[in-house]
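> The structure follows.
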Amino acid sequence: MTTAGKHRHEVFVSARDAQLHFRAGGALAAMRGKSRLIKAVDGVSFDICRGESVGLLGESGCGKTSMGRMLLKLEEATGGAVTFDGADLNTLRGEALRAFRTRAQLIFQNPFDAVNPRFTIRATLAEPLENAGVPPAEREQRIIAALELVRLPNPAEFLDRHPHQLSGGQLQRVVMARALILQPDFVVADEPVSMLDVSVRAGVLNVFRDVRDRLNLTAIYISHDLALVRYVCERTIVMYLGRIMEDGPTEDIVREPLHPYTRALVAAVPVPHPDQDHAPLPIGRGAPDPLNPPSGCVFRDRCPKAHARCAAEIPVPRQVGTRRVACHLYDEAGAAAPGKTA
Ligand SMILES: Nc1ncnc2c1ncn2[C@@H]1O[C@H](COP(=O)(O)OP(=O)(O)O)[C@@H](O)[C@H]1O
Ligand SMILES: [Mg+2]
């Protein structure tokens, strides 16, 4: 059996009822008993197999970055569990934690936040190698190889430059090279092209897809934009106010979204393409208030299909055809299989 075949359905990253709750208002408010809980991630479960690319999709504030940071142990889960290659992240210590920090990497949203403006590109890329104990004599070659991997032309010419001397697209490639230089097997890319001009997005995304395939990376791609997720990921998890609304193959979701929230996201992107911005969502109000989520289904106050049960009961995700959907429209088993929804 080939390595790819062996790993095909092996669960690599998983979340089990994972929670990340923050105290709003900080320590002072907490002392006065005035703090309130922000449930950035609130009971999320999924399995991701080795080599899979999964998009995390949803409007701003729905908990995508929080979820991504928890998967990388940059935030500690406040409830439930996240596991990586069979190990519970909460219990990782010492050498196992060091190995995890090499294997799992974040590609930042804003390339200018991800690098020190006073560092040259060489120093930017040498830092993770130095931390990992790579001998100085090997570093230059590894740096050049990483920049070639992200298809930065003539990489040697960039080594002595500073971040402000690069274009946004060039700098995002450097940021990607930095995340990849230790040869991770898991990456979380948090809106990696949202700060870039639309004209250079497709180029950076192509590099991301190409590198992911060549290195057989398991990847989480975070975006508020369905067109970008569709361009990069075979599977999409749709989040709203800290919960999963729908999870399934991206093409199925685009062709026939089941959850009313997903339907709104799809309706806002008539012809999904990475080169265009999307229309406003065809549902009321802007970003929801995480401090005052509705009872029952968190989406119900914007949902055109909401009924009495939605206020009373939190819907649990159910298998509907190729997807898992958390919506009372799909409660009766088989009652609303794909193709039979209004
Ligand atoms: N460190 C934090 N402290 C308090 N609240 C936070 C913190 N990080 C995120 N939040 C809140 O959690 C919610 C989800 O945020 P985030 O994960 O950044 O969403 P997204 O990436 O989907 O825009 C938001 O209401 C945000 O204000
Ligand atoms: Mg975010």
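Naming works like this for the structure tokens: A, B, ... for the chains as they're shown, residue 1 at the start of each chain, ligands 1 onward in shown order.
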Taking only C-alpha atoms and all ligand atoms into account, which residues are within 9 Å of ligand 1, as a PyMOL selection string?

chain A and resi 20-26+37-41+56-69+75+190-191+222-224+239-242+288-291

> Looking only at the backbone, which of the residues in stretch 33-254 of chain A does DSSP tag as strand (DSSP E), as a ChimeraX atom specification?

/A:36-49,53-57,79-84,87-88,104-107,186-190,218-223,235-240,243-249

> Provide the atom CA of A:Val134 to atom CA of A:Ala219 distance in Å, to one decimal place.

25.0 Å

> Grab the atom CA of A:Ala104 to atom CA of A:Leu182 distance for me, in Å with one decimal place.

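So the answer is 9.5 Å.
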
> Which residue gives the smallest distance to A:Pro117 among A:Ala96, A:Val198, A:Val193, A:Leu171, with only C-alpha atoms counted?

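The shortest atom-to-atom distance to A:Pro117 comes from A:Leu171.
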
> Can you pull out every residue within 7 Å of stretch 247-258 of chain A, counting only C-alpha atoms, but drop anything in the same chain fewer than 6 positions away, and send it as a ChimeraX atom specification?

/A:230,233-238,266,322-325
